[in-house]
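Have a look at final.txt; it's compact mmCIF, C-alpha atoms:
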# COMPACT_ATOMS: atom_id res chain seq x y z
CA MET H 77 -8.77 6.12 -10.45
CA ASN H 78 -9.45 8.79 -7.89
CA PHE H 79 -9.29 8.31 -4.15
CA LYS H 80 -12.56 9.93 -3.07
CA ASN H 81 -13.40 7.65 -0.20
CA ILE H 82 -10.54 6.74 2.09
CA LEU H 83 -10.63 4.37 5.03
CA VAL H 84 -7.98 4.51 7.75
CA ALA H 85 -7.56 1.60 10.13
CA PHE H 86 -6.73 3.26 13.42
CA ASP H 87 -5.58 1.92 16.78
CA SER H 88 -3.85 5.08 18.14
CA SER H 89 -0.41 3.50 17.78
CA SER H 90 2.36 5.65 16.33
CA PHE H 91 2.17 3.75 13.05
CA SER H 92 -1.53 4.34 12.64
CA ASN H 93 -1.02 8.02 13.49
CA ARG H 94 1.41 8.17 10.63
CA ALA H 95 -1.06 6.36 8.40
CA PHE H 96 -3.67 8.97 9.28
CA LYS H 97 -1.32 11.82 8.38
CA ASN H 98 -0.52 10.22 5.03
CA ALA H 99 -4.22 9.77 4.37
CA LEU H 100 -4.72 13.48 5.03
CA ASP H 101 -2.02 14.29 2.49
CA ILE H 102 -3.78 12.23 -0.15
CA ALA H 103 -7.23 13.48 0.77
CA GLU H 104 -6.45 17.20 0.73
CA PRO H 105 -6.12 17.87 -3.02
CA ASN H 106 -8.93 15.44 -3.91
CA SER H 107 -11.26 16.85 -1.24
CA SER H 108 -12.09 13.28 -0.35
CA LYS H 109 -13.84 11.83 2.67
CA ILE H 110 -11.93 9.93 5.34
CA THR H 111 -13.50 7.28 7.50
CA ILE H 112 -11.67 6.06 10.55
CA VAL H 113 -12.32 2.51 11.61
CA THR H 114 -11.39 1.12 15.00
CA VAL H 115 -12.00 -2.40 16.21
CA VAL H 116 -12.79 -2.96 19.87
CA THR H 117 -11.94 -6.55 20.70
CA GLY H 118 -13.41 -6.83 24.18
CA ILE H 119 -11.38 -8.40 26.95
CA TYR H 120 -9.18 -11.41 26.68
CA GLN H 121 -10.10 -14.45 28.69
CA PRO H 122 -7.63 -17.28 28.62
CA SER H 123 -10.26 -20.00 28.47
CA ILE H 124 -12.21 -18.69 25.48
CA GLY H 125 -10.02 -16.01 23.92
CA PHE H 126 -11.44 -12.59 23.15
CA SER H 127 -15.09 -12.33 24.02
CA MET H 128 -17.69 -9.63 23.72
CA GLU H 129 -20.28 -11.08 26.06
CA TYR H 130 -19.05 -10.40 29.55
CA SER H 131 -17.72 -6.93 29.10
CA LYS H 132 -20.50 -4.54 28.18
CA GLU H 133 -19.41 -1.84 30.61
CA LEU H 134 -15.83 -2.16 29.49
CA LEU H 135 -16.87 -1.87 25.87
CA GLU H 136 -18.68 1.36 26.64
CA THR H 137 -15.61 2.85 28.28
CA TYR H 138 -13.51 1.69 25.33
CA ASP H 139 -15.93 3.40 22.95
CA LYS H 140 -15.68 6.58 25.00
CA MET H 141 -11.91 6.50 24.79
CA VAL H 142 -12.05 5.96 21.06
CA LYS H 143 -14.38 8.91 20.67
CA GLN H 144 -12.00 11.08 22.68
CA THR H 145 -9.07 10.32 20.42
CA PHE H 146 -11.34 10.78 17.43
CA ARG H 147 -12.03 14.33 18.51
CA LYS H 148 -8.32 15.06 18.36
CA LEU H 149 -8.11 13.66 14.85
CA GLU H 150 -11.16 15.65 13.86
CA LYS H 151 -9.36 18.84 14.86
CA LEU H 152 -6.42 17.96 12.64
CA ALA H 153 -8.76 17.21 9.74
CA LYS H 154 -10.73 20.42 10.22
CA GLU H 155 -7.58 22.49 9.83
CA ARG H 156 -7.27 21.05 6.36
CA LYS H 157 -10.99 21.06 5.63
CA ILE H 158 -11.41 17.33 5.29
CA LYS H 159 -14.56 15.49 6.26
CA LEU H 160 -13.97 12.83 8.87
CA SER H 161 -16.25 10.14 10.21
CA LEU H 162 -15.82 7.36 12.72
CA LYS H 163 -16.82 3.71 12.66
CA ILE H 164 -16.37 1.50 15.69
CA LEU H 165 -16.56 -2.23 15.10
CA HIS H 166 -17.00 -4.80 17.84
CA ASP H 167 -15.34 -8.03 16.92
CA PRO H 168 -12.87 -10.41 18.55
CA SER H 169 -10.79 -10.51 15.37
CA VAL H 170 -9.39 -7.17 14.21
CA SER H 171 -8.40 -8.12 10.69
CA LYS H 172 -11.63 -10.01 9.96
CA ALA H 173 -13.76 -7.09 11.12
CA ILE H 174 -11.83 -4.58 9.00
CA LEU H 175 -11.87 -6.84 5.95
CA ASN H 176 -15.61 -7.44 6.22
CA TYR H 177 -16.21 -3.73 6.52
CA VAL H 178 -13.94 -2.82 3.59
CA ASN H 179 -15.24 -5.48 1.25
CA SER H 180 -18.89 -4.79 2.03
CA SER H 181 -18.72 -1.04 1.43
CA LYS H 182 -17.21 1.04 -1.32
CA PHE H 183 -13.83 2.49 -0.50
CA ASP H 184 -11.22 3.61 -3.01
CA LEU H 185 -8.28 3.28 -0.66
CA LEU H 186 -7.45 1.66 2.65
CA VAL H 187 -4.55 3.06 4.66
CA VAL H 188 -3.00 0.97 7.42
CA GLY H 189 0.12 1.25 9.53
CA SER H 190 2.65 -1.50 9.04
CA HIS H 191 2.42 -2.39 12.71
CA GLY H 192 -0.13 -1.81 15.40
CA ARG H 193 -0.11 -2.13 19.11
CA THR H 194 2.01 -5.25 19.18
CA GLY H 195 4.65 -4.13 16.69
CA ILE H 196 8.08 -5.55 17.45
CA ASN H 197 10.00 -6.19 14.30
CA ARG H 198 10.42 -3.29 11.92
CA ILE H 199 11.32 -5.48 8.99
CA ILE H 200 8.33 -7.75 8.73
CA LEU H 201 4.72 -6.61 8.47
CA GLY H 202 2.40 -6.83 11.44
CA SER H 203 -0.21 -9.56 11.42
CA VAL H 204 -3.20 -7.31 10.85
CA ALA H 205 -1.52 -5.30 8.11
CA ASN H 206 -0.39 -8.50 6.42
CA ASP H 207 -3.87 -10.01 6.50
CA ILE H 208 -5.44 -6.84 5.14
CA VAL H 209 -2.90 -6.47 2.35
CA HIS H 210 -3.55 -10.01 1.23
CA LYS H 211 -7.30 -10.16 1.39
CA SER H 212 -8.75 -6.71 0.78
CA ARG H 213 -10.32 -6.02 -2.59
CA CYS H 214 -9.50 -2.33 -2.75
CA PRO H 215 -6.02 -0.77 -3.01
CA VAL H 216 -4.12 -0.81 0.25
CA MET H 217 -1.46 1.62 1.36
CA VAL H 218 0.92 0.34 4.00
CA VAL H 219 2.60 3.15 5.92
CA LYS H 220 5.89 2.47 7.67
CA MET Y 24 4.27 17.92 -0.23
CA ALA Y 25 4.46 14.52 1.29
CA PHE Y 26 4.91 12.32 -1.76
CA SER Y 27 7.36 14.22 -3.92
CA LYS Y 28 9.00 11.09 -5.35
CA ILE Y 29 6.88 8.12 -6.37
CA LEU Y 30 8.30 4.81 -7.54
CA VAL Y 31 6.32 2.52 -9.83
CA PRO Y 32 7.86 -0.89 -10.43
CA PHE Y 33 6.67 -1.80 -13.92
CA ASP Y 34 6.55 -5.13 -15.73
CA ALA Y 35 4.01 -4.37 -18.48
CA SER Y 36 1.30 -6.47 -16.80
CA THR Y 37 -2.24 -5.11 -16.42
CA TYR Y 38 -1.76 -4.75 -12.67
CA SER Y 39 1.35 -2.63 -13.07
CA MET Y 40 -0.50 -0.49 -15.61
CA LYS Y 41 -3.23 0.06 -13.04
CA ALA Y 42 -0.57 0.96 -10.49
CA PHE Y 43 0.95 3.45 -12.91
CA LYS Y 44 -2.42 5.08 -13.49
CA SER Y 45 -3.12 5.59 -9.80
CA ALA Y 46 0.44 6.83 -9.29
CA LEU Y 47 -0.23 9.38 -12.03
CA GLU Y 48 -3.40 10.44 -10.25
CA ILE Y 49 -1.50 11.02 -7.01
CA ALA Y 50 1.39 12.72 -8.81
CA LYS Y 51 -0.93 15.19 -10.52
CA ASN Y 52 -2.39 16.26 -7.18
CA GLN Y 53 0.86 16.36 -5.26
CA LYS Y 54 3.04 17.70 -8.07
CA SER Y 55 5.48 14.87 -7.65
CA GLU Y 56 7.80 13.08 -10.02
CA ILE Y 57 7.43 9.43 -10.97
CA HIS Y 58 10.29 6.98 -11.23
CA VAL Y 59 9.44 3.92 -13.30
CA LEU Y 60 11.67 0.93 -12.62
CA THR Y 61 11.72 -2.20 -14.73
CA CYS Y 62 13.75 -5.14 -13.49
CA LEU Y 63 14.89 -7.87 -15.84
CA GLU Y 64 15.55 -11.07 -13.99
CA LYS Y 65 18.91 -12.55 -14.87
CA GLU Y 66 18.40 -16.14 -13.79
CA ASN Y 67 15.16 -16.49 -15.67
CA LEU Y 68 16.60 -15.91 -19.08
CA GLY Y 69 18.07 -18.88 -20.82
CA ALA Y 70 18.91 -20.66 -17.63
CA TRP Y 71 19.19 -23.87 -19.62
CA TYR Y 72 22.09 -22.61 -21.63
CA LYS Y 73 25.58 -22.42 -20.31
CA ASP Y 74 26.51 -20.17 -23.20
CA SER Y 75 26.56 -16.61 -21.90
CA ARG Y 76 26.30 -15.13 -25.39
CA ILE Y 77 22.77 -16.47 -25.74
CA ASN Y 78 21.90 -14.94 -22.39
CA LYS Y 79 23.21 -11.62 -23.59
CA LYS Y 80 21.13 -11.69 -26.73
CA ILE Y 81 17.96 -12.45 -24.80
CA MET Y 82 18.83 -9.67 -22.39
CA THR Y 83 19.35 -7.03 -25.08
CA ASP Y 84 16.11 -8.10 -26.75
CA ALA Y 85 14.29 -7.81 -23.46
CA LYS Y 86 15.84 -4.40 -22.85
CA ASN Y 87 14.79 -3.10 -26.24
CA TYR Y 88 11.26 -4.35 -25.69
CA ALA Y 89 11.16 -2.74 -22.25
CA LYS Y 90 12.38 0.56 -23.69
CA ASP Y 91 9.60 0.44 -26.27
CA VAL Y 92 6.92 -0.07 -23.66
CA LEU Y 93 8.37 2.47 -21.24
CA SER Y 94 8.57 5.20 -23.88
CA LYS Y 95 4.78 4.95 -24.10
CA LEU Y 96 4.56 5.65 -20.37
CA GLU Y 97 6.83 8.64 -20.81
CA LYS Y 98 4.38 10.01 -23.35
CA ILE Y 99 1.41 9.55 -21.01
CA GLY Y 100 3.38 11.35 -18.32
CA SER Y 101 4.27 14.33 -20.50
CA ASP Y 102 0.63 14.58 -21.63
CA ASN Y 103 -0.39 14.90 -17.99
CA GLY Y 104 2.48 17.20 -17.04
CA VAL Y 105 4.14 14.73 -14.71
CA PRO Y 106 7.92 14.32 -14.98
CA ILE Y 107 8.80 10.67 -15.45
CA SER Y 108 12.22 9.11 -15.22
CA ILE Y 109 12.84 5.58 -16.43
CA THR Y 110 15.30 2.99 -15.23
CA ILE Y 111 15.91 -0.49 -16.56
CA LYS Y 112 18.00 -2.80 -14.41
CA GLU Y 113 19.29 -6.33 -14.65
CA THR Y 114 19.07 -8.09 -11.37
CA LYS Y 115 18.88 -11.45 -9.67
CA SER Y 116 16.25 -10.51 -7.12
CA ILE Y 117 13.55 -8.14 -8.33
CA ALA Y 118 12.08 -7.35 -4.92
CA LYS Y 119 15.46 -6.55 -3.41
CA GLU Y 120 16.35 -4.33 -6.35
CA ILE Y 121 13.11 -2.39 -5.96
CA VAL Y 122 13.69 -1.85 -2.25
CA GLU Y 123 17.32 -0.82 -2.75
CA PHE Y 124 16.34 1.55 -5.54
CA SER Y 125 13.70 3.16 -3.34
CA ILE Y 126 16.27 3.73 -0.60
CA SER Y 127 18.99 5.10 -2.86
CA LYS Y 128 16.65 7.55 -4.63
CA LYS Y 129 14.88 8.54 -1.39
CA ILE Y 130 11.47 7.55 -2.67
CA ASN Y 131 8.46 8.65 -0.58
CA LEU Y 132 5.91 6.21 -1.93
CA ILE Y 133 5.98 2.95 -3.85
CA VAL Y 134 2.92 2.16 -5.96
CA ILE Y 135 2.89 -1.47 -6.99
CA GLY Y 136 0.40 -3.84 -8.57
CA SER Y 137 -0.81 -6.73 -6.46
CA HIS Y 138 0.33 -9.21 -9.11
CA GLY Y 139 2.83 -9.17 -11.92
CA GLN Y 140 3.51 -11.31 -14.92
CA THR Y 141 2.91 -14.61 -13.14
CA GLY Y 142 -0.16 -13.60 -11.16
CA PHE Y 143 -3.06 -16.03 -11.25
CA ASN Y 144 -4.75 -16.02 -7.88
CA ARG Y 145 -6.79 -12.95 -7.05
CA MET Y 146 -7.04 -13.65 -3.36
CA ILE Y 147 -3.38 -13.86 -2.48
CA LEU Y 148 -0.68 -11.28 -3.06
CA GLY Y 149 2.01 -11.82 -5.67
CA SER Y 150 5.46 -12.75 -4.48
CA VAL Y 151 7.24 -9.56 -5.52
CA SER Y 152 4.60 -7.21 -4.13
CA ASN Y 153 4.52 -9.24 -0.95
CA LYS Y 154 8.26 -8.92 -0.47
CA VAL Y 155 8.28 -5.24 -1.34
CA SER Y 156 5.45 -4.47 1.07
CA GLN Y 157 7.34 -6.23 3.84
CA LEU Y 158 10.85 -4.95 3.22
CA ALA Y 159 10.33 -1.39 1.98
CA LYS Y 160 11.22 1.49 4.27
CA CYS Y 161 8.63 3.87 2.81
CA PRO Y 162 4.83 3.65 2.44
CA VAL Y 163 3.68 1.10 -0.13
CA LEU Y 164 0.41 1.41 -2.04
CA ILE Y 165 -0.78 -1.91 -3.38
CA VAL Y 166 -3.21 -1.57 -6.26
CA LYS Y 167 -5.61 -4.47 -6.85
Please, can you express the file's structure as structure tokens?
Amino acid sequence: MNFKNILVAFDSSSFSNRAFKNALDIAEPNSSKITIVTVVTGIYQPSIGFSMEYSKELLETYDKMVKQTFRKLEKLAKERKIKLSLKILHDPSVSKAILNYVNSSKFDLLVVGSHGRTGINRIILGSVANDIVHKSRCPVMVVK
Amino acid sequence: MAFSKILVPFDASTYSMKAFKSALEIAKNQKSEIHVLTCLEKENLGAWYKDSRINKKIMTDAKNYAKDVLSKLEKIGSDNGVPISITIKETKSIAKEIVEFSISKKINLIVIGSHGQTGFNRMILGSVSNKVSQLAKCPVLIVK
């Protein structure tokens, strides 16, 4: 098994930054490709939960922000001569979107941080990481 | 390099063999050493008997069998030029033992199969790998 095609679930939290760095370490000797996936959930409305419909302008600004942070990551990857690409998903559910994307395309490895934006407890896994670890069909690396 | 010490918990199941193979792949690239840990569960063996001598006999048999299987792994490792160290431990809780071992040996990465000896459901994670992924202090790679 060789990890040629690596996917990193990224939400610019410190854990996902660490996940990205670990992915770079694995990718470097294999000269593998890294894809960064980010899920934009839209805005939260108490009556209906997360929705994509009413927030087109917001989504665009979110996408812009994501692309900005992506440029920073791209710099880091270029220093080590690793190909990097970005995929932005629009979905109210983060874990479902990532799982659909992983299971529908061919990746050899998925790297996630153990917690994301809402991480509180260092002992137990975050909800998204937990869901991904359970349901993804490719190997998952959980970075702490 | 980032992953200089890799731990592979091994129970001779197909999943753990897969895990060992991908650990070998990473170790070759990163020039790291692999620790293989086999845990023999105390409670499971002859729990019906109160006679501790019977327990002991089962345990030594299990140990001998484990040594046999693990020596094969050692051979694979030396063929690929990866240093492999082997540990067999008797324990009451396998997951806890794995986590404690990883802390005491300062392991950088745990590579574990998604299921072990009792695995039957492909969708859900095995109990040991679930616990390890939640409790471990270092990155965990779960091989499916």
Contact table chain Y vs chain H, cut-off 6 Å, shortest pair per residue, all atoms listed in the file, as CSV:
residue,atom,partner,partner_atom,distance
Y:Ser45,CA,H:Met77,CA,5.7
Y:Asn52,CA,H:Pro105,CA,5.8
Y:Met146,CA,H:Lys211,CA,5.9
Y:Ile147,CA,H:His210,CA,5.3
Y:Leu148,CA,H:His210,CA,5.3
Y:Gln157,CA,H:Ile200,CA,5.2
Y:Leu158,CA,H:Ile199,CA,5.8
Y:Cys161,CA,H:Lys220,CA,5.8
Y:Pro162,CA,H:Val219,CA,4.2
Y:Val163,CA,H:Val218,CA,5.0
Y:Leu164,CA,H:Met217,CA,3.9
Y:Ile165,CA,H:Val216,CA,5.1
Y:Val166,CA,H:Pro215,CA,4.4
Y:Lys167,CA,H:Pro215,CA,5.3
Taking C-alpha atoms for each residue, export the selection above as a PDB file, keeping the file's coordinate frame.
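To be explicit, this is the file written out as part-v9.pdb:
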ATOM      1  CA  SER Y  45      -3.120   5.590  -9.800  1.00  0.00           C
ATOM      2  CA  ASN Y  52      -2.390  16.260  -7.180  1.00  0.00           C
ATOM      3  CA  MET Y 146      -7.040 -13.650  -3.360  1.00  0.00           C
ATOM      4  CA  ILE Y 147      -3.380 -13.860  -2.480  1.00  0.00           C
ATOM      5  CA  LEU Y 148      -0.680 -11.280  -3.060  1.00  0.00           C
ATOM      6  CA  GLN Y 157       7.340  -6.230   3.840  1.00  0.00           C
ATOM      7  CA  LEU Y 158      10.850  -4.950   3.220  1.00  0.00           C
ATOM      8  CA  CYS Y 161       8.630   3.870   2.810  1.00  0.00           C
ATOM      9  CA  PRO Y 162       4.830   3.650   2.440  1.00  0.00           C
ATOM     10  CA  VAL Y 163       3.680   1.100  -0.130  1.00  0.00           C
ATOM     11  CA  LEU Y 164       0.410   1.410  -2.040  1.00  0.00           C
ATOM     12  CA  ILE Y 165      -0.780  -1.910  -3.380  1.00  0.00           C
ATOM     13  CA  VAL Y 166      -3.210  -1.570  -6.260  1.00  0.00           C
ATOM     14  CA  LYS Y 167      -5.610  -4.470  -6.850  1.00  0.00           C
TER      15      LYS Y 167
END
Mind working out the centre and edge lengths of an axis-aligned box for segment 156-175 of chain H, all listed atoms inside, 4 Å added to each side, rounded to one decimal in Å and written as lines of an AutoDock Vina configuration file?
center_x = -12.1
center_y = 5.3
center_z = 11.9
size_x = 17.7
size_y = 39.6
size_z = 21.3
Who sits within 10 Å of Tyr138 of chain H, only C-alpha atoms, same chain under 4 positions skipped, as a tab-separated table (two decimals) with C-alpha atoms, keeping the file's coordinate frame:
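Writing done, so here's selection31.tsv:
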chain	number	residue	atom	x	y	z
H	116	VAL	CA	-12.79	-2.96	19.87
H	117	THR	CA	-11.94	-6.55	20.70
H	118	GLY	CA	-13.41	-6.83	24.18
H	132	LYS	CA	-20.50	-4.54	28.18
H	133	GLU	CA	-19.41	-1.84	30.61
H	134	LEU	CA	-15.83	-2.16	29.49
H	142	VAL	CA	-12.05	5.96	21.06
H	143	LYS	CA	-14.38	8.91	20.67
H	144	GLN	CA	-12.00	11.08	22.68
Considering all atoms listed in the file, state which residue in the set Y:Ile121, Y:Val155, Y:Cys62, Y:Leu47 is at the smallest distance from Phe26 of chain Y.
Y:Leu47
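The neighbours of Lys28 of chain Y here are the residues that come within 8 Å of it, using only C-alpha atoms and leaving out any residue fewer than 6 positions away in the same chain; they are Ser55, Glu56, Ile57, His58, Lys129, Ile130, Asn131 and Leu132 of chain Y.
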